[in-house]
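Visitor: This one is work_11.tsv, TSV, C-alpha atoms.
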chain	number	residue	atom	x	y	z
A	1101	MET	CA	-29.36	61.29	23.60
A	1102	THR	CA	-30.42	63.58	26.39
A	1103	ALA	CA	-28.33	64.38	29.42
A	1104	GLU	CA	-30.87	62.48	31.52
A	1105	VAL	CA	-30.10	59.28	29.63
A	1106	THR	CA	-26.34	59.76	29.42
A	1107	GLY	CA	-25.73	61.06	32.96
A	1108	HIS	CA	-22.99	58.55	33.73
A	1109	LYS	CA	-21.45	60.89	36.31
A	1110	ASP	CA	-24.62	60.85	38.42
A	1111	LEU	CA	-24.64	58.56	41.46
A	1112	PRO	CA	-24.16	55.64	41.17
A	1113	ARG	CA	-21.44	56.61	38.68
A	1114	THR	CA	-21.05	54.52	35.55
A	1115	ASP	CA	-18.65	56.60	33.48
A	1116	ASP	CA	-15.76	54.27	34.42
A	1117	LEU	CA	-17.46	51.12	33.10
A	1118	PRO	CA	-16.92	49.80	29.57
A	1119	ALA	CA	-19.96	49.30	27.38
A	1120	LEU	CA	-21.24	45.74	27.42
A	1121	PRO	CA	-20.54	43.79	24.22
A	1122	TYR	CA	-23.54	42.63	22.25
A	1123	ARG	CA	-22.68	42.31	18.55
A	1124	MET	CA	-22.20	38.54	18.80
A	1125	ALA	CA	-25.81	38.31	19.97
A	1126	LEU	CA	-27.26	39.91	16.84
A	1127	PRO	CA	-26.78	37.00	14.38
A	1128	LEU	CA	-27.79	34.55	17.12
A	1129	ARG	CA	-31.05	36.45	17.57
A	1130	ARG	CA	-31.75	36.25	13.84
A	1131	ALA	CA	-31.20	32.48	13.89
A	1132	ALA	CA	-33.07	31.79	17.13
A	1133	ARG	CA	-36.22	33.73	16.24
A	1134	PRO	CA	-37.42	31.37	13.46
A	1135	TYR	CA	-36.26	28.37	15.49
A	1136	PHE	CA	-38.60	29.22	18.37
A	1137	ARG	CA	-41.45	29.98	15.98
A	1138	ARG	CA	-41.03	26.56	14.37
A	1139	LYS	CA	-40.69	24.69	17.65
A	1140	TYR	CA	-43.66	26.24	19.47
A	1141	GLU	CA	-47.11	27.56	18.68
A	1142	LEU	CA	-45.94	31.07	19.44
A	1143	THR	CA	-48.14	34.17	19.46
A	1144	VAL	CA	-46.83	37.66	20.27
A	1145	LEU	CA	-49.45	40.26	21.10
A	1146	HIS	CA	-49.13	44.06	21.10
A	1147	GLU	CA	-45.57	44.20	19.84
A	1148	ASP	CA	-46.39	47.76	18.72
A	1149	ARG	CA	-46.19	48.76	22.40
A	1150	PHE	CA	-42.47	47.95	22.49
A	1151	PRO	CA	-40.49	51.24	22.30
A	1152	LEU	CA	-37.97	51.04	19.47
A	1153	THR	CA	-35.60	53.70	20.81
A	1154	GLY	CA	-34.31	54.90	24.16
A	1155	PRO	CA	-33.70	53.19	27.50
A	1156	LEU	CA	-36.18	50.50	28.47
A	1157	LEU	CA	-36.71	48.26	31.49
A	1158	MET	CA	-38.47	45.05	30.46
A	1159	ALA	CA	-40.37	43.46	33.34
A	1160	PRO	CA	-41.46	39.91	32.42
A	1161	ASN	CA	-42.98	37.31	34.70
A	1162	HIS	CA	-40.80	34.23	35.22
A	1163	LEU	CA	-41.96	30.66	34.71
A	1164	SER	CA	-39.12	28.54	33.33
A	1165	LEU	CA	-35.64	28.31	31.84
A	1166	LEU	CA	-37.11	29.12	28.44
A	1167	ASP	CA	-38.09	32.69	29.37
A	1168	GLY	CA	-34.71	34.36	28.90
A	1169	PRO	CA	-33.67	32.72	25.61
A	1170	LEU	CA	-37.15	33.17	24.14
A	1171	LEU	CA	-37.40	36.86	24.97
A	1172	GLY	CA	-33.82	37.42	23.88
A	1173	ALA	CA	-34.68	35.99	20.47
A	1174	ILE	CA	-38.09	37.50	19.76
A	1175	ALA	CA	-37.92	40.96	21.35
A	1176	PRO	CA	-37.81	43.75	18.75
A	1177	ARG	CA	-34.52	44.99	20.25
A	1178	MET	CA	-31.38	43.39	21.65
A	1179	LEU	CA	-31.77	42.62	25.37
A	1180	HIS	CA	-29.24	42.69	28.18
A	1181	GLN	CA	-30.36	40.31	30.92
A	1182	LEU	CA	-29.23	39.54	34.46
A	1183	GLY	CA	-28.22	35.97	35.31
A	1184	LYS	CA	-27.03	34.22	38.45
A	1185	ILE	CA	-23.25	34.20	38.65
A	1186	GLU	CA	-23.19	30.40	39.07
A	1187	VAL	CA	-23.91	29.95	35.34
A	1188	PHE	CA	-21.10	32.30	34.25
A	1189	GLY	CA	-18.25	29.82	34.63
A	1190	GLY	CA	-16.02	28.42	31.90
A	1191	LEU	CA	-16.91	28.58	28.22
A	1192	GLN	CA	-20.58	29.21	28.97
A	1193	GLY	CA	-19.68	32.22	31.08
A	1194	TRP	CA	-17.42	33.60	28.36
A	1195	PHE	CA	-20.25	33.23	25.85
A	1196	LEU	CA	-22.86	34.85	28.10
A	1197	ARG	CA	-20.64	37.85	28.70
A	1198	ARG	CA	-19.87	38.20	24.98
A	1199	VAL	CA	-23.57	38.39	24.18
A	1200	GLY	CA	-24.05	41.17	26.72
A	1201	GLN	CA	-25.49	39.37	29.72
A	1202	ILE	CA	-24.75	40.51	33.29
A	1203	PRO	CA	-23.69	38.12	36.07
A	1204	VAL	CA	-25.10	38.88	39.51
A	1205	ASP	CA	-23.98	37.43	42.84
A	1206	ARG	CA	-27.20	36.88	44.77
A	1207	SER	CA	-25.39	36.05	48.02
A	1208	THR	CA	-24.59	39.73	48.55
A	1209	TYR	CA	-25.53	43.20	47.33
A	1210	ASP	CA	-23.74	43.05	43.98
A	1211	VAL	CA	-22.73	46.67	43.40
A	1212	LEU	CA	-21.00	45.96	40.10
A	1213	ALA	CA	-24.04	44.18	38.64
A	1214	VAL	CA	-26.23	47.12	39.69
A	1215	ARG	CA	-23.85	49.64	38.12
A	1216	ARG	CA	-23.65	47.62	34.90
A	1217	SER	CA	-27.44	47.51	34.77
A	1218	ILE	CA	-27.66	51.26	35.25
A	1219	LYS	CA	-25.07	51.79	32.52
A	1220	VAL	CA	-27.12	49.73	30.06
A	1221	LEU	CA	-30.07	52.05	30.63
A	1222	ARG	CA	-27.99	55.23	30.61
A	1223	ASP	CA	-26.61	54.08	27.27
A	1224	GLY	CA	-30.18	53.99	25.95
A	1225	ARG	CA	-30.38	50.20	25.68
A	1226	VAL	CA	-32.86	47.55	26.88
A	1227	LEU	CA	-32.45	45.75	30.20
A	1228	SER	CA	-34.68	42.79	31.09
A	1229	VAL	CA	-35.16	42.16	34.82
A	1230	TYR	CA	-37.54	39.66	36.42
A	1231	PRO	CA	-39.38	41.59	39.16
A	1232	GLU	CA	-40.33	38.32	40.88
A	1233	GLY	CA	-36.66	37.40	41.18
A	1234	THR	CA	-37.32	33.67	40.85
A	1235	ARG	CA	-39.27	31.22	38.74
A	1236	GLY	CA	-42.72	30.62	40.18
A	1237	PRO	CA	-46.42	31.04	39.38
A	1238	GLY	CA	-45.78	34.04	37.14
A	1239	ASP	CA	-48.56	36.16	38.66
A	1240	PHE	CA	-46.30	38.92	40.09
A	1241	SER	CA	-47.64	38.15	43.57
A	1242	ARG	CA	-44.15	38.84	44.95
A	1243	ILE	CA	-42.16	41.81	43.69
A	1244	ARG	CA	-38.58	42.63	44.59
A	1245	THR	CA	-37.22	46.16	44.58
A	1246	GLY	CA	-34.67	45.91	41.75
A	1247	VAL	CA	-36.87	47.22	38.93
A	1248	ALA	CA	-38.11	50.08	41.12
A	1249	TYR	CA	-34.57	51.11	42.04
A	1250	LEU	CA	-33.31	51.03	38.44
A	1251	ALA	CA	-36.33	53.01	37.23
A	1252	MET	CA	-35.89	55.61	39.98
A	1253	VAL	CA	-32.18	56.02	39.19
A	1254	THR	CA	-32.47	56.23	35.40
A	1255	GLY	CA	-36.03	57.33	34.64
A	1256	ALA	CA	-36.27	54.49	32.10
A	1257	PRO	CA	-39.83	53.44	31.23
A	1258	ILE	CA	-41.00	50.00	32.33
A	1259	LEU	CA	-42.51	47.56	29.84
A	1260	PRO	CA	-44.73	44.84	31.40
A	1261	VAL	CA	-44.44	41.45	29.71
A	1262	ALA	CA	-46.72	38.47	30.36
A	1263	LEU	CA	-45.43	35.03	29.41
A	1264	MET	CA	-47.85	32.13	29.28
A	1265	GLY	CA	-46.99	28.58	28.30
A	1266	THR	CA	-43.23	28.61	28.87
A	1267	ARG	CA	-44.05	26.16	31.67
A	1268	LEU	CA	-47.04	23.84	31.55
A	1269	PRO	CA	-49.21	23.15	34.64
A	1270	GLY	CA	-47.25	20.66	36.73
A	1271	GLY	CA	-44.15	21.28	34.64
A	1272	ASP	CA	-40.66	21.59	36.07
A	1273	VAL	CA	-39.16	25.07	36.43
A	1274	GLU	CA	-35.81	23.53	35.42
A	1275	GLY	CA	-37.19	22.24	32.12
A	1276	PHE	CA	-38.66	23.43	28.85
A	1277	PRO	CA	-42.17	22.91	27.48
A	1278	PRO	CA	-42.48	20.16	24.87
A	1279	ALA	CA	-42.28	21.03	21.19
A	1280	GLY	CA	-45.58	22.25	19.80
A	1281	SER	CA	-46.69	23.82	23.08
A	1282	ARG	CA	-48.73	26.97	22.88
A	1283	ILE	CA	-46.84	30.04	24.10
A	1284	ASP	CA	-48.26	33.55	24.34
A	1285	VAL	CA	-46.14	36.66	24.88
A	1286	VAL	CA	-48.17	39.77	25.68
A	1287	TYR	CA	-46.56	43.21	25.87
A	1288	GLY	CA	-48.17	45.84	28.06
A	1289	GLU	CA	-48.25	49.62	27.89
A	1290	PRO	CA	-44.93	51.18	28.95
A	1291	PHE	CA	-45.13	53.36	32.03
A	1292	ALA	CA	-42.69	55.41	34.06
A	1293	VAL	CA	-42.06	56.27	37.68
A	1294	GLU	CA	-40.53	59.50	38.90
A	1295	ARG	CA	-36.77	59.77	38.61
A	1296	VAL	CA	-35.31	60.38	42.08
A	1297	PRO	CA	-31.85	61.93	42.65
A	1298	PHE	CA	-29.37	60.49	45.16
A	1299	PRO	CA	-29.92	59.58	47.97
A	1300	ARG	CA	-32.88	57.22	47.55
A	1301	ARG	CA	-34.45	55.92	50.76
A	1302	HIS	CA	-35.17	52.21	50.95
A	1303	SER	CA	-38.71	52.92	52.12
A	1304	ASP	CA	-39.31	55.03	49.01
A	1305	VAL	CA	-37.97	52.29	46.74
A	1306	GLN	CA	-40.24	49.76	48.46
A	1307	ALA	CA	-43.24	52.02	47.99
A	1308	VAL	CA	-42.51	52.41	44.27
A	1309	ALA	CA	-42.00	48.64	43.97
A	1310	GLY	CA	-45.48	48.20	45.38
A	1311	GLN	CA	-46.93	50.56	42.79
A	1312	ILE	CA	-45.08	48.76	40.01
A	1313	GLY	CA	-46.37	45.44	41.31
A	1314	ASP	CA	-49.94	46.68	41.05
A	1315	VAL	CA	-49.42	47.56	37.37
A	1316	LEU	CA	-47.71	44.25	36.58
A	1317	ARG	CA	-50.41	42.17	38.32
A	1318	ALA	CA	-53.11	44.03	36.40
A	1319	HIS	CA	-51.26	43.41	33.14
A	1320	VAL	CA	-50.79	39.68	33.62
A	1321	LYS	CA	-54.45	39.31	34.63
A	1322	ALA	CA	-55.54	41.22	31.51
A	1323	ALA	CA	-53.23	39.05	29.39
A	1324	VAL	CA	-54.77	35.86	30.78
A	1325	ASP	CA	-58.24	37.25	30.10
A	1326	GLU	CA	-57.30	38.31	26.56
A	1327	THR	CA	-55.64	35.06	25.53
A	1328	GLY	CA	-57.61	32.57	27.63
A	1329	HIS	CA	-54.23	31.05	28.47
A	1330	PRO	CA	-53.91	30.37	32.22
A	1331	LEU	CA	-50.71	30.57	34.24
A	1332	PRO	CA	-49.29	27.26	35.46
A	1333	GLY	CA	-49.56	28.07	39.17
A	1334	TRP	CA	-47.19	26.99	41.91
A	1335	ARG	CA	-45.18	23.79	41.87
A	1336	ASP	CA	-43.83	22.17	45.01
A	1337	GLN	CA	-40.32	21.86	43.54
A	1338	LYS	CA	-39.95	25.42	42.34
A	1339	ASP	CA	-36.45	26.89	42.30
A	1340	PRO	CA	-36.20	29.45	45.14
A	1341	ASP	CA	-32.75	30.60	44.07
A	1342	ASP	CA	-33.21	31.31	40.36
What do you get writing this file as structure tokens?

Guide:
Amino acid sequence: MTAEVTGHKDLPRTDDLPALPYRMALPLRRAARPYFRRKYELTVLHEDRFPLTGPLLMAPNHLSLLDGPLLGAIAPRMLHQLGKIEVFGGLQGWFLRRVGQIPVDRSTYDVLAVRRSIKVLRDGRVLSVYPEGTRGPGDFSRIRTGVAYLAMVTGAPILPVALMGTRLPGGDVEGFPPAGSRIDVVYGEPFAVERVPFPRRHSDVQAVAGQIGDVLRAHVKAAVDETGHPLPGWRDQKDPDD
């Protein structure tokens, strides 16, 4: 690995953090992949665009509860994903941590979650972050700054991912699509933004987030055109805090 990838002493420092566990997730991925392919009419397009080595920031749109488990099972590499801290209690929380997932407290600026995310990328692994921040129409119309910040800190390439069918039109963001539903997963071309040393101005991060949003919106539109599979659109009872 290059010094750029393993620069754990750069700010924010990550050399004091332990590596996230993930080995428990590997057999679960092998079991879950055929399960999802049996349950749904699943098509994955352009998997050859998925880099098989090095740090990677996956940037999927977000439609339903199915998105995380599905991507975690079918992605060519093991994913570390961020999840709201409310679901990390008890036995479920223990399990999520053991399979390498990262709890984040959305009520504040969660420095530890950010540092753990940076460490994943500096370790040359894959981190999946929803740029929209919440489940919604899945069109990347709203982009938060997290992906931009992580890309600027680490230099990790960004992989656009378009999910279609993980929520049906009129479906509930808290639910799953019925068995047999058509689901398309379309990978985009990886792209990178310039790595920026500390300090990083908020206005610069916002500007880069806007540029990333343009690429993601173009990708999801192209994916809809390619597959003929429309997005579900807004729902009145969407979850604003996912």

Visitor: For a test of reading the model, state the distance in Å between CA of Met1158 in chain A and CA of Leu1170 in chain A, rounded to one decimal.

Guide: 13.5 Å

Visitor: Using all atoms listed in the file, which of the listed residues (A:Ser1228, A:Gln1201, A:Gln1306, A:Thr1245) sits closest to Pro1260 in chain A?

Guide: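 Between A:Ser1228, A:Gln1201, A:Gln1306, A:Thr1245, the residue approaching Pro1260 in chain A most closely is A:Ser1228.
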
Visitor: Rank nothing, just name the residue among A:Arg1133, A:His1329, A:His1146, A:Arg1123 nearest to Arg1267 in chain A, using all atoms listed in the file.

Guide: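 For Arg1267 in chain A, the nearest of the candidates is A:His1329.
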
Visitor: Provide the CA of Leu1128 in chain A to CA of Asp1148 in chain A distance in Å, to one decimal place.

Guide: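 Interatomic distance, CA of Leu1128 in chain A to CA of Asp1148 in chain A: 22.9 Å.
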
Visitor: To one decimal place, how far is CA of Asp1314 in chain A from CA of Asp1284 in chain A in Å?

Guide: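 Between CA of Asp1314 in chain A and CA of Asp1284 in chain A the gap works out to 21.3 Å.
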
Visitor: When you count all atoms listed in the file, which of these residues is closest to Thr1254 in chain A: A:Glu1232, A:Asp1110, A:Glu1186, A:Glu1289?

Guide: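 Using all atoms listed in the file, Thr1254 in chain A sits closest to A:Asp1110.
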
Visitor: Counting all atoms listed in the file, what is within 6 Å of Met1124 in chain A, bar same-chain residues fewer than 2 positions away, as a compact mmCIF listing (two decimals) with C-alpha atoms, keeping the file's coordinate frame?

Guide:
# COMPACT_ATOMS: atom_id res chain seq x y z
CA TYR A 1122 -23.54 42.63 22.25
CA LEU A 1126 -27.26 39.91 16.84
CA VAL A 1199 -23.57 38.39 24.18

Visitor: Around all listed atoms of range 1171-1189 of chain A, padded 5 Å per side, what centre and edge lengths does the axis-aligned box have in Å to one decimal, as lines of an AutoDock Vina configuration file?

Guide:
center_x = -28.2
center_y = 37.4
center_z = 28.9
size_x = 29.8
size_y = 25.2
size_z = 30.3

Visitor: Give me, as a list in words, all polymer residues having an atom no more than 9 Å from Asn1161 in chain A, counting all atoms listed in the file and skipping those fewer than 4 positions away in the same chain.

Guide: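 The contact residues come out as Asp1167, Tyr1230, Pro1231, Glu1232, Arg1235, Gly1236, Pro1237, Gly1238, Asp1239, Phe1240, Pro1260, Val1261, Ala1262, Leu1263, Met1264, Leu1316 and Val1320 of chain A.
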
Visitor: May I ask which of the residues A:Leu1145, A:Ala1125, A:Ala1159, A:Ala1213 is the closest one to Phe1195 in chain A, counting only C-alpha atoms?

Guide: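 For Phe1195 in chain A, the nearest of the candidates is A:Ala1125.
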